[in-house]
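In what follows, a structure is listed as structure tokens, so that the remarks can point back to it.
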Amino acid sequence: QVQLVESGGGLVQAGGSLRLSCAASGGTFSNYAMGWFRQAPGKEREFIASIRWSGGTTIYADSVKGRFTISRDKAKNTVWLQMNSLKSEDTAVYYCAADPMVGFSMSRSPTRYDYWGQGTQVTVSS
């Protein structure tokens with residue numbers, strides 16, 4: 001069974017940086033896409049970024065493009081989300097997710113991702 005464990009959340013001032021980690025286990029990820037989503041109180045879960053495990057292709061939400069970077073280390077089965085120039089509106093619970101059957105294009109929809117981590121809180125103070 002695939003398990004995803006996030007870490008690295010916390011409290012940071014606006015303009016600061018954080019790096020989230022997602023440790024993946026229990027699967028062979030060559031055909032996977034790994035994504036990051038976030039959910040703020042009272043809002044729907046929002047796509048942030050995704051990376052194709054095998055080739056490293058990435059996609060981003062417009063709201064984070066140029067500020068956030070997704071990457072992965074195949075040897076460590078880990079996905080990272082480097083977040084720079086953080087804003088108060090980035091405050092949310094951040095989730096790592098896995099799509100086990102990524103096709104020609106990666107999905108931005110949370111319904112395509114079968115496996116989820118428990119989430120890690122990111123709070124940006126203004």
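Just remember, in the structure tokens the first chain shown is A, the second B, etc., residues are 1-based per chain, and ligands are 1-based in the order shown.
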
Selection near Tyr60 in chain A, 12 Å with only C-alpha atoms, sequence-local residues under 2 positions removed, as a PDB file with C-alpha atoms, in the first residue's frame:
```
ATOM      1  CA  GLY A  35       1.363  16.333  -6.747  1.00  0.00           C
ATOM      2  CA  TRP A  36       0.995  18.963  -4.063  1.00  0.00           C
ATOM      3  CA  PHE A  37      -2.350  20.429  -3.119  1.00  0.00           C
ATOM      4  CA  GLU A  46      -6.462  23.576  -4.616  1.00  0.00           C
ATOM      5  CA  PHE A  47      -3.883  22.194  -7.030  1.00  0.00           C
ATOM      6  CA  ILE A  48      -0.374  23.572  -6.533  1.00  0.00           C
ATOM      7  CA  ALA A  49       2.071  21.544  -8.619  1.00  0.00           C
ATOM      8  CA  SER A  50       2.746  18.112 -10.040  1.00  0.00           C
ATOM      9  CA  ILE A  51       5.777  16.239 -11.298  1.00  0.00           C
ATOM     10  CA  THR A  57       8.086  17.115 -16.209  1.00  0.00           C
ATOM     11  CA  THR A  58       6.346  19.678 -14.024  1.00  0.00           C
ATOM     12  CA  ASP A  62      -0.656  30.163 -11.864  1.00  0.00           C
ATOM     13  CA  SER A  63      -0.906  31.355  -8.270  1.00  0.00           C
ATOM     14  CA  VAL A  64       2.472  29.829  -7.363  1.00  0.00           C
ATOM     15  CA  LYS A  65       4.357  29.848 -10.663  1.00  0.00           C
ATOM     16  CA  GLY A  66       7.737  31.483 -10.225  1.00  0.00           C
ATOM     17  CA  ARG A  67       7.604  31.184  -6.430  1.00  0.00           C
ATOM     18  CA  PHE A  68       7.242  27.435  -5.798  1.00  0.00           C
ATOM     19  CA  THR A  69       9.335  24.606  -7.217  1.00  0.00           C
ATOM     20  CA  ILE A  70       8.468  20.905  -7.162  1.00  0.00           C
ATOM     21  CA  SER A  71      11.222  18.323  -7.454  1.00  0.00           C
ATOM     22  CA  LEU A  81       8.012  21.597  -2.626  1.00  0.00           C
ATOM     23  CA  MET A 106      -0.718  15.382 -15.716  1.00  0.00           C
ATOM     24  CA  SER A 107      -3.916  16.229 -13.941  1.00  0.00           C
ATOM     25  CA  ARG A 108      -4.733  19.246 -11.788  1.00  0.00           C
TER      26      ARG A 108
END
```

Query raised in the report: Could you pull the residues within 12 Å of range 87-93 of chain A, counting only C-alpha atoms, minus those fewer than 3 positions along the same chain, as a PyMOL selection string?
Result: chain A and resi 6-18+20+36-46+48+63-64+67-68+83-84+96+117-126

Query raised in the report: So which bits of range 8-121 of chain A end up strand (DSSP E) when you DSSP the backbone, as a PyMOL selection string?
Result: chain A and resi 10-13+18-25+33-39+46-52+58-60+68-73+78-83+92-99+115-116+120-121

Go ahead and write the residues just picked, N, CA and C atoms, as a short mmCIF file (atom, residue, chain, number, x, y, z; two decimals), in the first residue's frame.
```
data_model
loop_
_atom_site.label_atom_id
_atom_site.label_comp_id
_atom_site.auth_asym_id
_atom_site.auth_seq_id
_atom_site.Cartn_x
_atom_site.Cartn_y
_atom_site.Cartn_z
N GLY A 10 5.12 24.78 8.89
CA GLY A 10 5.39 25.59 10.07
C GLY A 10 4.91 27.01 9.88
N LEU A 11 5.40 27.87 10.76
CA LEU A 11 5.04 29.29 10.75
C LEU A 11 6.19 30.08 10.16
N VAL A 12 5.88 30.96 9.20
CA VAL A 12 6.92 31.75 8.56
C VAL A 12 6.35 33.14 8.27
N GLN A 13 7.21 34.13 8.25
CA GLN A 13 6.77 35.48 7.93
C GLN A 13 6.60 35.63 6.42
N LEU A 18 9.89 28.14 2.85
CA LEU A 18 9.77 26.84 3.49
C LEU A 18 9.98 25.76 2.44
N ARG A 19 10.46 24.60 2.88
CA ARG A 19 10.54 23.47 1.98
C ARG A 19 9.78 22.30 2.59
N LEU A 20 8.80 21.83 1.88
CA LEU A 20 8.02 20.67 2.30
C LEU A 20 8.60 19.41 1.67
N SER A 21 8.54 18.33 2.44
CA SER A 21 8.99 17.03 1.95
C SER A 21 7.84 16.04 1.97
N CYS A 22 7.89 15.10 1.05
CA CYS A 22 6.90 14.02 0.98
C CYS A 22 7.66 12.72 0.77
N ALA A 23 7.68 11.89 1.80
CA ALA A 23 8.35 10.59 1.70
C ALA A 23 7.33 9.56 1.22
N ALA A 24 7.64 8.92 0.11
CA ALA A 24 6.73 7.94 -0.49
C ALA A 24 7.27 6.53 -0.28
N SER A 25 6.37 5.60 -0.01
CA SER A 25 6.77 4.20 0.19
C SER A 25 5.64 3.28 -0.24
N ALA A 33 2.46 10.22 -11.21
CA ALA A 33 2.68 11.65 -11.06
C ALA A 33 2.48 11.97 -9.57
N MET A 34 3.32 12.81 -9.04
CA MET A 34 3.25 13.21 -7.65
C MET A 34 2.87 14.68 -7.59
N GLY A 35 1.87 14.97 -6.78
CA GLY A 35 1.36 16.33 -6.75
C GLY A 35 1.32 16.92 -5.35
N TRP A 36 1.23 18.23 -5.30
CA TRP A 36 1.00 18.96 -4.06
C TRP A 36 -0.30 19.76 -4.23
N PHE A 37 -1.11 19.68 -3.19
CA PHE A 37 -2.35 20.43 -3.12
C PHE A 37 -2.38 21.17 -1.79
N ARG A 38 -3.28 22.12 -1.67
CA ARG A 38 -3.47 22.78 -0.39
C ARG A 38 -4.94 23.08 -0.18
N GLN A 39 -5.29 23.22 1.09
CA GLN A 39 -6.67 23.53 1.44
C GLN A 39 -6.70 24.49 2.61
N GLU A 46 -7.00 22.85 -3.46
CA GLU A 46 -6.46 23.58 -4.62
C GLU A 46 -5.18 22.92 -5.12
N PHE A 47 -5.10 22.73 -6.42
CA PHE A 47 -3.88 22.19 -7.03
C PHE A 47 -2.75 23.21 -6.93
N ILE A 48 -1.55 22.72 -6.61
CA ILE A 48 -0.37 23.57 -6.53
C ILE A 48 0.62 23.22 -7.63
N ALA A 49 1.04 21.96 -7.67
CA ALA A 49 2.07 21.54 -8.62
C ALA A 49 2.07 20.03 -8.73
N SER A 50 2.61 19.55 -9.86
CA SER A 50 2.75 18.11 -10.04
C SER A 50 4.01 17.83 -10.83
N ILE A 51 4.57 16.65 -10.61
CA ILE A 51 5.78 16.24 -11.30
C ILE A 51 5.63 14.79 -11.75
N ARG A 52 6.05 14.54 -12.98
CA ARG A 52 6.04 13.18 -13.51
C ARG A 52 7.27 12.45 -12.96
N THR A 58 7.11 19.02 -15.08
CA THR A 58 6.35 19.68 -14.02
C THR A 58 5.26 20.59 -14.58
N ILE A 59 4.22 20.77 -13.78
CA ILE A 59 3.19 21.77 -14.05
C ILE A 59 2.88 22.50 -12.74
N TYR A 60 2.43 23.75 -12.87
CA TYR A 60 2.18 24.57 -11.69
C TYR A 60 0.86 25.33 -11.84
N PHE A 68 7.12 28.80 -6.32
CA PHE A 68 7.24 27.43 -5.80
C PHE A 68 7.93 26.55 -6.83
N THR A 69 8.68 25.57 -6.34
CA THR A 69 9.34 24.61 -7.22
C THR A 69 9.12 23.20 -6.67
N ILE A 70 8.63 22.32 -7.53
CA ILE A 70 8.47 20.90 -7.16
C ILE A 70 9.63 20.12 -7.75
N SER A 71 10.13 19.17 -6.98
CA SER A 71 11.22 18.32 -7.45
C SER A 71 11.11 16.96 -6.79
N ARG A 72 11.85 15.99 -7.31
CA ARG A 72 11.82 14.66 -6.71
C ARG A 72 13.19 14.02 -6.78
N ASP A 73 13.43 13.13 -5.84
CA ASP A 73 14.66 12.34 -5.79
C ASP A 73 14.25 10.88 -5.87
N THR A 78 11.44 10.62 -2.58
CA THR A 78 11.00 11.84 -1.90
C THR A 78 10.66 12.92 -2.92
N VAL A 79 9.61 13.64 -2.63
CA VAL A 79 9.20 14.79 -3.42
C VAL A 79 9.27 16.02 -2.54
N TRP A 80 9.76 17.11 -3.08
CA TRP A 80 9.87 18.35 -2.33
C TRP A 80 9.03 19.46 -2.96
N LEU A 81 8.63 20.37 -2.13
CA LEU A 81 8.01 21.60 -2.63
C LEU A 81 8.74 22.76 -1.97
N GLN A 82 9.58 23.43 -2.75
CA GLN A 82 10.28 24.61 -2.26
C GLN A 82 9.38 25.82 -2.47
N MET A 83 9.10 26.52 -1.38
CA MET A 83 8.18 27.65 -1.43
C MET A 83 8.93 28.91 -1.04
N ALA A 92 -2.36 27.44 4.54
CA ALA A 92 -3.25 26.32 4.27
C ALA A 92 -2.61 25.04 4.82
N VAL A 93 -3.37 23.97 4.78
CA VAL A 93 -2.81 22.63 4.98
C VAL A 93 -2.36 22.13 3.61
N TYR A 94 -1.13 21.70 3.54
CA TYR A 94 -0.55 21.23 2.28
C TYR A 94 -0.50 19.71 2.27
N TYR A 95 -0.95 19.14 1.14
CA TYR A 95 -1.03 17.70 1.00
C TYR A 95 -0.19 17.22 -0.18
N CYS A 96 0.47 16.11 0.04
CA CYS A 96 1.15 15.39 -1.02
C CYS A 96 0.18 14.33 -1.54
N ALA A 97 0.20 14.10 -2.86
CA ALA A 97 -0.71 13.13 -3.45
C ALA A 97 -0.04 12.40 -4.60
N ALA A 98 -0.54 11.20 -4.90
CA ALA A 98 0.04 10.38 -5.96
C ALA A 98 -1.02 9.89 -6.92
N ASP A 99 -0.75 10.08 -8.20
CA ASP A 99 -1.59 9.56 -9.28
C ASP A 99 -0.86 8.37 -9.88
N TYR A 115 -3.78 8.47 -3.82
CA TYR A 115 -3.13 8.36 -2.52
C TYR A 115 -2.80 9.75 -2.00
N TRP A 116 -3.00 9.91 -0.68
CA TRP A 116 -2.82 11.21 -0.04
C TRP A 116 -2.07 11.06 1.26
N THR A 120 0.29 18.83 6.08
CA THR A 120 1.15 19.60 6.98
C THR A 120 0.73 21.07 6.89
N GLN A 121 0.65 21.70 8.06
CA GLN A 121 0.15 23.08 8.13
C GLN A 121 1.25 24.07 7.78
#
```

Query - One-decimal distance in Å that lies between CA of Phe104 in chain A and CA of Lys76 in chain A - result: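 CA of Lys76 in chain A sits 25.2 Å away from CA of Phe104 in chain A.
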